[in-house]
Each structure stands twice: as structure tokens, then as C-alpha cells.
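Dumped coords-v2.pdb below, it's PDB, C-alpha atoms:
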ATOM      1  CA  MET A  72     141.727 109.624 109.018
ATOM      2  CA  LYS A  73     142.938 113.040 110.164
ATOM      3  CA  ILE A  74     143.615 115.996 107.942
ATOM      4  CA  SER A  75     145.636 118.976 108.993
ATOM      5  CA  VAL A  76     144.399 122.308 107.776
ATOM      6  CA  CYS A  77     146.841 125.089 108.230
ATOM      7  CA  ASN A  78     146.123 128.713 107.917
ATOM      8  CA  PRO A  79     148.609 131.469 108.517
ATOM      9  CA  SER A  80     146.600 132.566 111.558
ATOM     10  CA  TYR A  81     145.799 129.116 112.984
ATOM     11  CA  CYS A  82     146.247 125.409 112.405
ATOM     12  CA  GLU A  83     143.772 122.727 113.383
ATOM     13  CA  THR A  84     143.076 119.079 112.770
ATOM     14  CA  LEU A  85     139.726 117.872 111.291
ATOM     15  CA  GLU A  86     138.429 114.361 111.271
ATOM     16  CA  LYS A  87     137.096 113.131 107.936
ATOM     17  CA  ARG A  88     134.017 110.860 108.151
ATOM     18  CA  PRO A  89     133.342 108.084 105.650
ATOM     19  CA  LEU A  90     130.417 108.867 103.258
ATOM     20  CA  GLU A  91     128.864 105.366 102.994
ATOM     21  CA  PRO A  92     126.687 105.420 106.177
ATOM     22  CA  ILE A  93     125.342 108.878 105.332
ATOM     23  CA  LEU A  94     124.393 107.814 101.810
ATOM     24  CA  ALA A  95     122.781 104.619 103.108
ATOM     25  CA  ARG A  96     120.542 106.587 105.511
ATOM     26  CA  ALA A  97     119.569 109.078 102.789
ATOM     27  CA  THR A  98     118.698 106.274 100.374
ATOM     28  CA  LEU A  99     116.570 104.578 103.026
ATOM     29  CA  ARG A 100     114.685 107.833 103.701
ATOM     30  CA  ILE A 101     114.055 108.378  99.983
ATOM     31  CA  ARG A 102     112.727 104.812  99.629
ATOM     32  CA  HIS A 103     110.464 105.300 102.651
ATOM     33  CA  ILE A 104     109.041 108.563 101.254
ATOM     34  CA  ALA A 105     108.508 106.992  97.818
ATOM     35  CA  LEU A 106     106.673 104.052  99.398
ATOM     36  CA  CYS A 107     104.390 106.362 101.419
ATOM     37  CA  LEU A 108     103.606 108.498  98.350
ATOM     38  CA  GLY A 109     102.854 105.409  96.271
ATOM     39  CA  LEU A 110     100.569 103.962  98.932
ATOM     40  CA  ALA A 111      98.757 107.291  99.342
ATOM     41  CA  SER A 112      98.140 107.557  95.588
ATOM     42  CA  VAL A 113      96.777 103.990  95.444
ATOM     43  CA  LEU A 114      94.404 104.671  98.336
ATOM     44  CA  ALA A 115      93.297 107.975  96.807
ATOM     45  CA  GLY A 116      92.543 106.173  93.546
ATOM     46  CA  CYS A 117      90.436 103.561  95.340
ATOM     47  CA  SER A 118      88.332 106.184  97.062
ATOM     48  CA  SER A 119      87.451 107.909  93.801
ATOM     49  CA  LEU A 120      86.204 104.825  91.936
ATOM     50  CA  HIS A 121      82.557 105.255  92.920
ATOM     51  CA  LYS A 122      81.205 108.783  93.009
ATOM     52  CA  GLU A 123      77.521 107.832  93.365
ATOM     53  CA  THR A 124      75.543 109.047  96.339
ATOM     54  CA  ILE A 125      74.548 106.182  98.623
ATOM     55  CA  THR A 126      71.517 106.682 100.840
ATOM     56  CA  SER A 127      71.456 105.457 104.422
ATOM     57  CA  ALA A 128      68.906 102.801 103.443
ATOM     58  CA  GLU A 129      71.177 101.475 100.696
ATOM     59  CA  ARG A 130      74.198 101.562 103.002
ATOM     60  CA  ALA A 131      72.322  99.485 105.537
ATOM     61  CA  TYR A 132      71.233  97.080 102.792
ATOM     62  CA  VAL A 133      74.823  96.470 101.755
ATOM     63  CA  HIS A 134      75.557  95.205 105.263
ATOM     64  CA  ARG A 135      74.721  91.492 104.973
ATOM     65  CA  SER A 136      73.951  89.612 108.127
ATOM     66  CA  SER A 137      74.861  86.111 109.179
ATOM     67  CA  GLY A 138      72.628  83.080 108.777
ATOM     68  CA  LYS A 139      71.374  83.550 112.354
ATOM     69  CA  THR A 140      68.625  85.907 111.160
ATOM     70  CA  SER A 141      67.120  83.300 108.823
ATOM     71  CA  ARG A 142      66.553  80.650 111.506
ATOM     72  CA  PRO A 143      63.146  80.143 113.135
ATOM     73  CA  TYR A 144      62.873  81.975 116.456
ATOM     74  CA  ARG A 145      60.472  81.980 119.402
ATOM     75  CA  ILE A 146      59.020  85.065 121.150
ATOM     76  CA  ARG A 147      56.450  84.847 123.967
ATOM     77  CA  GLY A 148      55.647  81.222 123.164
ATOM     78  CA  LYS A 149      55.108  81.778 119.422
ATOM     79  CA  THR A 150      57.532  80.483 116.765
ATOM     80  CA  TYR A 151      58.243  82.668 113.719
ATOM     81  CA  TYR A 152      59.653  81.256 110.475
ATOM     82  CA  PRO A 153      61.576  83.831 108.394
ATOM     83  CA  MET A 154      60.921  83.684 104.648
ATOM     84  CA  ALA A 155      63.623  82.296 102.378
ATOM     85  CA  SER A 156      63.019  85.077  99.835
ATOM     86  CA  SER A 157      61.213  88.398  99.759
ATOM     87  CA  LYS A 158      60.544  88.171  96.028
ATOM     88  CA  GLY A 159      56.993  89.281  95.257
ATOM     89  CA  TYR A 160      56.200  90.159  98.873
ATOM     90  CA  ARG A 161      53.340  92.660  99.137
ATOM     91  CA  GLU A 162      51.108  93.055 102.181
ATOM     92  CA  VAL A 163      48.711  95.581 103.705
ATOM     93  CA  GLY A 164      48.600  95.988 107.467
ATOM     94  CA  LEU A 165      49.062  98.234 110.473
ATOM     95  CA  ALA A 166      52.395 100.004 110.976
ATOM     96  CA  SER A 167      53.676 101.507 114.191
ATOM     97  CA  TRP A 168      56.955 103.233 114.998
ATOM     98  CA  TYR A 169      59.626 102.880 117.618
ATOM     99  CA  GLY A 170      62.492 105.162 118.487
ATOM    100  CA  TYR A 171      63.485 104.853 122.108
ATOM    101  CA  GLU A 172      65.887 101.960 121.598
ATOM    102  CA  SER A 173      68.590 104.277 120.237
ATOM    103  CA  GLY A 174      72.028 102.662 120.239
ATOM    104  CA  ASN A 175      70.725  99.130 120.693
ATOM    105  CA  ARG A 176      71.736  96.598 118.075
ATOM    106  CA  THR A 177      69.264  95.332 115.497
ATOM    107  CA  ALA A 178      68.899  91.662 114.550
ATOM    108  CA  THR A 179      71.482  92.234 111.775
ATOM    109  CA  GLY A 180      73.997  93.573 114.302
ATOM    110  CA  GLN A 181      73.800  97.240 113.284
ATOM    111  CA  HIS A 182      73.249 100.045 115.769
ATOM    112  CA  PHE A 183      69.658 101.282 115.667
ATOM    113  CA  HIS A 184      69.307 104.944 114.717
ATOM    114  CA  PRO A 185      65.817 106.336 115.450
ATOM    115  CA  ASN A 186      66.087 109.055 112.799
ATOM    116  CA  GLY A 187      67.281 106.621 110.139
ATOM    117  CA  LEU A 188      65.130 104.812 107.583
ATOM    118  CA  SER A 189      64.769 101.279 108.887
ATOM    119  CA  ALA A 190      62.098  98.888 110.093
ATOM    120  CA  ALA A 191      61.382  95.650 111.912
ATOM    121  CA  HIS A 192      59.338  92.797 110.442
ATOM    122  CA  LYS A 193      58.598  89.367 111.896
ATOM    123  CA  THR A 194      59.391  87.179 108.872
ATOM    124  CA  LEU A 195      60.978  89.087 105.966
ATOM    125  CA  PRO A 196      64.582  88.034 105.254
ATOM    126  CA  LEU A 197      67.145  90.365 106.834
ATOM    127  CA  PRO A 198      68.119  92.721 105.367
ATOM    128  CA  THR A 199      65.342  93.462 102.840
ATOM    129  CA  ARG A 200      64.703  96.746 101.032
ATOM    130  CA  VAL A 201      61.013  97.663 101.056
ATOM    131  CA  ARG A 202      58.772 100.487  99.937
ATOM    132  CA  VAL A 203      56.233 101.441 102.591
ATOM    133  CA  THR A 204      53.217 103.513 101.530
ATOM    134  CA  ASN A 205      50.883 105.170 104.015
ATOM    135  CA  LEU A 206      47.456 104.312 102.583
ATOM    136  CA  GLU A 207      45.806 107.100 104.573
ATOM    137  CA  ASN A 208      47.753 109.969 102.952
ATOM    138  CA  GLY A 209      49.693 108.441 100.014
ATOM    139  CA  HIS A 210      53.164 109.244 101.412
ATOM    140  CA  SER A 211      55.809 106.647 100.579
ATOM    141  CA  THR A 212      59.427 105.871 101.505
ATOM    142  CA  THR A 213      62.065 103.235 100.812
ATOM    143  CA  LEU A 214      63.836 101.689 103.770
ATOM    144  CA  VAL A 215      65.642  98.601 104.998
ATOM    145  CA  VAL A 216      64.131  95.929 107.231
ATOM    146  CA  ASN A 217      67.026  95.064 109.548
ATOM    147  CA  ASP A 218      65.289  93.974 112.759
ATOM    148  CA  ARG A 219      62.605  91.628 114.077
ATOM    149  CA  GLY A 220      59.218  92.725 115.374
ATOM    150  CA  PRO A 221      56.634  94.023 116.070
ATOM    151  CA  PHE A 222      55.433  91.378 118.495
ATOM    152  CA  ILE A 223      52.100  93.058 119.192
ATOM    153  CA  PRO A 224      49.056  91.298 117.701
ATOM    154  CA  GLY A 225      47.675  92.998 114.611
ATOM    155  CA  ARG A 226      50.864  94.888 113.701
ATOM    156  CA  LEU A 227      52.628  94.239 110.391
ATOM    157  CA  ILE A 228      55.737  96.408 110.620
ATOM    158  CA  ASP A 229      57.555  98.653 113.110
ATOM    159  CA  LEU A 230      59.153 101.723 111.555
ATOM    160  CA  SER A 231      61.962 103.884 112.872
ATOM    161  CA  TYR A 232      60.907 107.372 113.924
ATOM    162  CA  GLY A 233      62.624 108.781 110.813
ATOM    163  CA  ALA A 234      60.539 106.538 108.529
ATOM    164  CA  ALA A 235      57.359 107.379 110.473
ATOM    165  CA  ARG A 236      58.062 111.085 109.929
ATOM    166  CA  LYS A 237      58.533 110.531 106.184
ATOM    167  CA  LEU A 238      55.146 108.777 106.076
ATOM    168  CA  ASN A 239      53.602 111.528 108.244
ATOM    169  CA  MET A 240      52.335 109.049 110.822
ATOM    170  CA  HIS A 241      54.645 109.926 113.713
ATOM    171  CA  ARG A 242      52.059 112.016 115.594
ATOM    172  CA  ARG A 243      49.288 109.451 115.425
ATOM    173  CA  GLY A 244      51.558 106.468 116.151
ATOM    174  CA  THR A 245      50.023 103.935 113.752
ATOM    175  CA  ALA A 246      48.777 103.899 110.173
ATOM    176  CA  ARG A 247      47.466 101.475 107.570
ATOM    177  CA  VAL A 248      50.317 100.796 105.128
ATOM    178  CA  LEU A 249      51.284  98.798 102.066
ATOM    179  CA  VAL A 250      54.655  97.053 102.327
ATOM    180  CA  GLU A 251      56.323  95.957  99.062
ATOM    181  CA  ALA A 252      59.679  94.175  98.862
ATOM    182  CA  LEU A 253      62.070  95.713  96.335
ATOM    183  CA  ASN A 254      64.588  92.870  96.101
TER     184      ASN A 254
END

Could you spell out this file's structure in C-alpha cells?
Amino acid sequence: MKISVCNPSYCETLEKRPLEPILARATLRIRHIALCLGLASVLAGCSSLHKETITSAERAYVHRSSGKTSRPYRIRGKTYYPMASSKGYREVGLASWYGYESGNRTATGQHFHPNGLSAAHKTLPLPTRVRVTNLENGHSTTLVVNDRGPFIPGRLIDLSYGAARKLNMHRRGTARVLVEALN
């Protein structure tokens, strides 16, 4: 539809556009913005449900592994049978530490972090939270067993470098420890 607008100084013709398509686009934009705001508020609410501090050991514990880690396995001709439960587990033995395998995956599938608080044990269920106490100096730490090992005769547990530092055994390399399962 054309409208003629006349002015004493000039006269021109304007084309009038229908309003429906413009309103439809504006309504669609408003709906889109409302949806994004609603989704953002829902996600923000979910993130604020739990305000507790979670340690790296507890975060690793939450990561549950598949049934593959509970099957018997064979290393250097010897078969190891993982325990069905860690309940009541308490043992004294020799601990060592390892830290050069940075980035490799543990038996539970997590990336190994040398400065983290984790350990390897031949038969404890994976993952298992344990308290390790250095019997030579009384230092203690809580960590997660998330790997298999050590496969050296006479060794009970292999600690990450971070756990060895907490127990103050990182310089010497080994120490007599008490390992107690917490779950």
C-alpha cells in the first residue's frame, strides 16, 4: 500500500509495511531471551546447593570405577585377588612412593597426579579411602587408593609424592606405616 505525503515544499510517496512480521520476530526474540534467563537461573541454583569444601581425596573417592578393578589379575606370574570389602582393613607394612608416572591413568581410569593424595595397593577395593600413618614419626594423612601396586616384594602400599611429603618420608623413599580403611 502506498501513501502520498505532500508538503508545500515537496511531495513524496512512502511504502507502508505490514506490522505482523515485525511483531512476530520481536516476540520470538523475547521468548528466546526469557528461555536463556530461565535456564541460567536454574543452573545457578544447582551450583549453589552444596557449599561444602571437597578435598582432592574425597573428589577422587566419588569417582567410582567399573567392575574391572575387582577382578583377579596377574602380574609377573603371580595372581592377585582384590578384596570384596575394605571394612575393618588394618595392616602394618612398608610404604614407598612413586611420582614419575605423571599423566598416566590409574586402575580406576583417573589421571595420576604426583602431588595429589593417592596410593596404589595390590588388593584393596578401588577406590578405597584410607588413613596412612608413618609409624616412624607419627605423621598421618587420608588419601584414596585408586591404583594397583606395588609389585615389589615386601612393600604394602605405594604413595603419591604428595602423600609421601605429608608423611615426611619423601626424602628417605620408604617408611613403616599403618594403613587403615575408612569405608

Contact residues around Gly170 (chain A) with all atoms listed in the file at 6 Å, ignoring same-chain residues under 4 positions, as a ChimeraX atom specification: /A:185,231-232

d(CA of Gly233 (chain A), CA of Pro143 (chain A)) in Å: 28.7 Å

Mind dumping a table of every region 175-217 of chain A residue within 12 Å of region 160-167 of chain A, with the nearest atom pair and its distance in Å to one decimal, using all atoms listed in the file, sorted by chain and rising number, as JSON lines?
{"residue": "A:Ala190", "atom": "CA", "partner": "A:Ser167", "partner_atom": "CA", "distance": 9.7}
{"residue": "A:Ala191", "atom": "CA", "partner": "A:Ser167", "partner_atom": "CA", "distance": 9.9}
{"residue": "A:His192", "atom": "CA", "partner": "A:Ala166", "partner_atom": "CA", "distance": 10.0}
{"residue": "A:Thr194", "atom": "CA", "partner": "A:Tyr160", "partner_atom": "CA", "distance": 10.9}
{"residue": "A:Leu195", "atom": "CA", "partner": "A:Tyr160", "partner_atom": "CA", "distance": 8.6}
{"residue": "A:Pro196", "atom": "CA", "partner": "A:Tyr160", "partner_atom": "CA", "distance": 10.7}
{"residue": "A:Thr199", "atom": "CA", "partner": "A:Tyr160", "partner_atom": "CA", "distance": 10.5}
{"residue": "A:Arg200", "atom": "CA", "partner": "A:Tyr160", "partner_atom": "CA", "distance": 11.0}
{"residue": "A:Val201", "atom": "CA", "partner": "A:Tyr160", "partner_atom": "CA", "distance": 9.2}
{"residue": "A:Arg202", "atom": "CA", "partner": "A:Arg161", "partner_atom": "CA", "distance": 9.6}
{"residue": "A:Val203", "atom": "CA", "partner": "A:Ala166", "partner_atom": "CA", "distance": 9.3}
{"residue": "A:Thr204", "atom": "CA", "partner": "A:Val163", "partner_atom": "CA", "distance": 9.4}
{"residue": "A:Asn205", "atom": "CA", "partner": "A:Ala166", "partner_atom": "CA", "distance": 8.8}
{"residue": "A:Leu206", "atom": "CA", "partner": "A:Val163", "partner_atom": "CA", "distance": 8.9}
{"residue": "A:Glu207", "atom": "CA", "partner": "A:Leu165", "partner_atom": "CA", "distance": 11.1}

Output the selection as a PDB file, keeping the file's coordinate frame - C-alpha atoms for each residue.
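out23.pdb, freshly written:
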ATOM      1  CA  ALA A 190      62.098  98.888 110.093  1.00  0.00           C
ATOM      2  CA  ALA A 191      61.382  95.650 111.912  1.00  0.00           C
ATOM      3  CA  HIS A 192      59.338  92.797 110.442  1.00  0.00           C
ATOM      4  CA  THR A 194      59.391  87.179 108.872  1.00  0.00           C
ATOM      5  CA  LEU A 195      60.978  89.087 105.966  1.00  0.00           C
ATOM      6  CA  PRO A 196      64.582  88.034 105.254  1.00  0.00           C
ATOM      7  CA  THR A 199      65.342  93.462 102.840  1.00  0.00           C
ATOM      8  CA  ARG A 200      64.703  96.746 101.032  1.00  0.00           C
ATOM      9  CA  VAL A 201      61.013  97.663 101.056  1.00  0.00           C
ATOM     10  CA  ARG A 202      58.772 100.487  99.937  1.00  0.00           C
ATOM     11  CA  VAL A 203      56.233 101.441 102.591  1.00  0.00           C
ATOM     12  CA  THR A 204      53.217 103.513 101.530  1.00  0.00           C
ATOM     13  CA  ASN A 205      50.883 105.170 104.015  1.00  0.00           C
ATOM     14  CA  LEU A 206      47.456 104.312 102.583  1.00  0.00           C
ATOM     15  CA  GLU A 207      45.806 107.100 104.573  1.00  0.00           C
TER      16      GLU A 207
END

In terms of the shortest atom-to-atom distance over all atoms listed in the file, which of A:Tyr144, A:Pro224, A:Trp168, A:Leu197 is closest to Arg243 (chain A)? A:Trp168

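Between CA of Ala234 (chain A) and CA of Ala155 (chain A) the separation is 25.2 Å.
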
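Take CA of Thr179 (chain A) and CA of Asp218 (chain A): the distance between them is 6.5 Å.
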
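Using all atoms listed in the file for every distance, the candidate list A:Ile146, A:Arg236, A:Ser156, A:Gly220 yields A:Arg236 as the residue closest to Gly187 (chain A).
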
Box along x, y and z, 4 Å on every side, all listed atoms of region 181-190 of chain A inside: centre and edge lengths in Å to one decimal, as JSON.
{"center_x": 67.9, "center_y": 103.1, "center_z": 111.7, "size_x": 19.7, "size_y": 19.8, "size_z": 16.2}

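With distances taken over all atoms listed in the file, A:Val216 is the one residue among A:Val216, A:Ala178, A:Arg142, A:Gly209 lying closest to Leu253 (chain A).
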
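Minimum distance to Glu251 (chain A) across A:Ser157, A:Asn239, A:Ser189, A:Thr150 (counting all atoms listed in the file) occurs at A:Ser157.
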
Using all atoms listed in the file, the shortest atom-to-atom distance to Leu227 (chain A) among A:Leu214, A:Tyr171, A:Met240, A:Arg247 belongs to A:Arg247

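Using all atoms listed in the file, the smallest distance between any of A:Ala246, A:Gly174, A:Tyr169, A:Ile228 and Asn208 (chain A) comes from A:Ala246.
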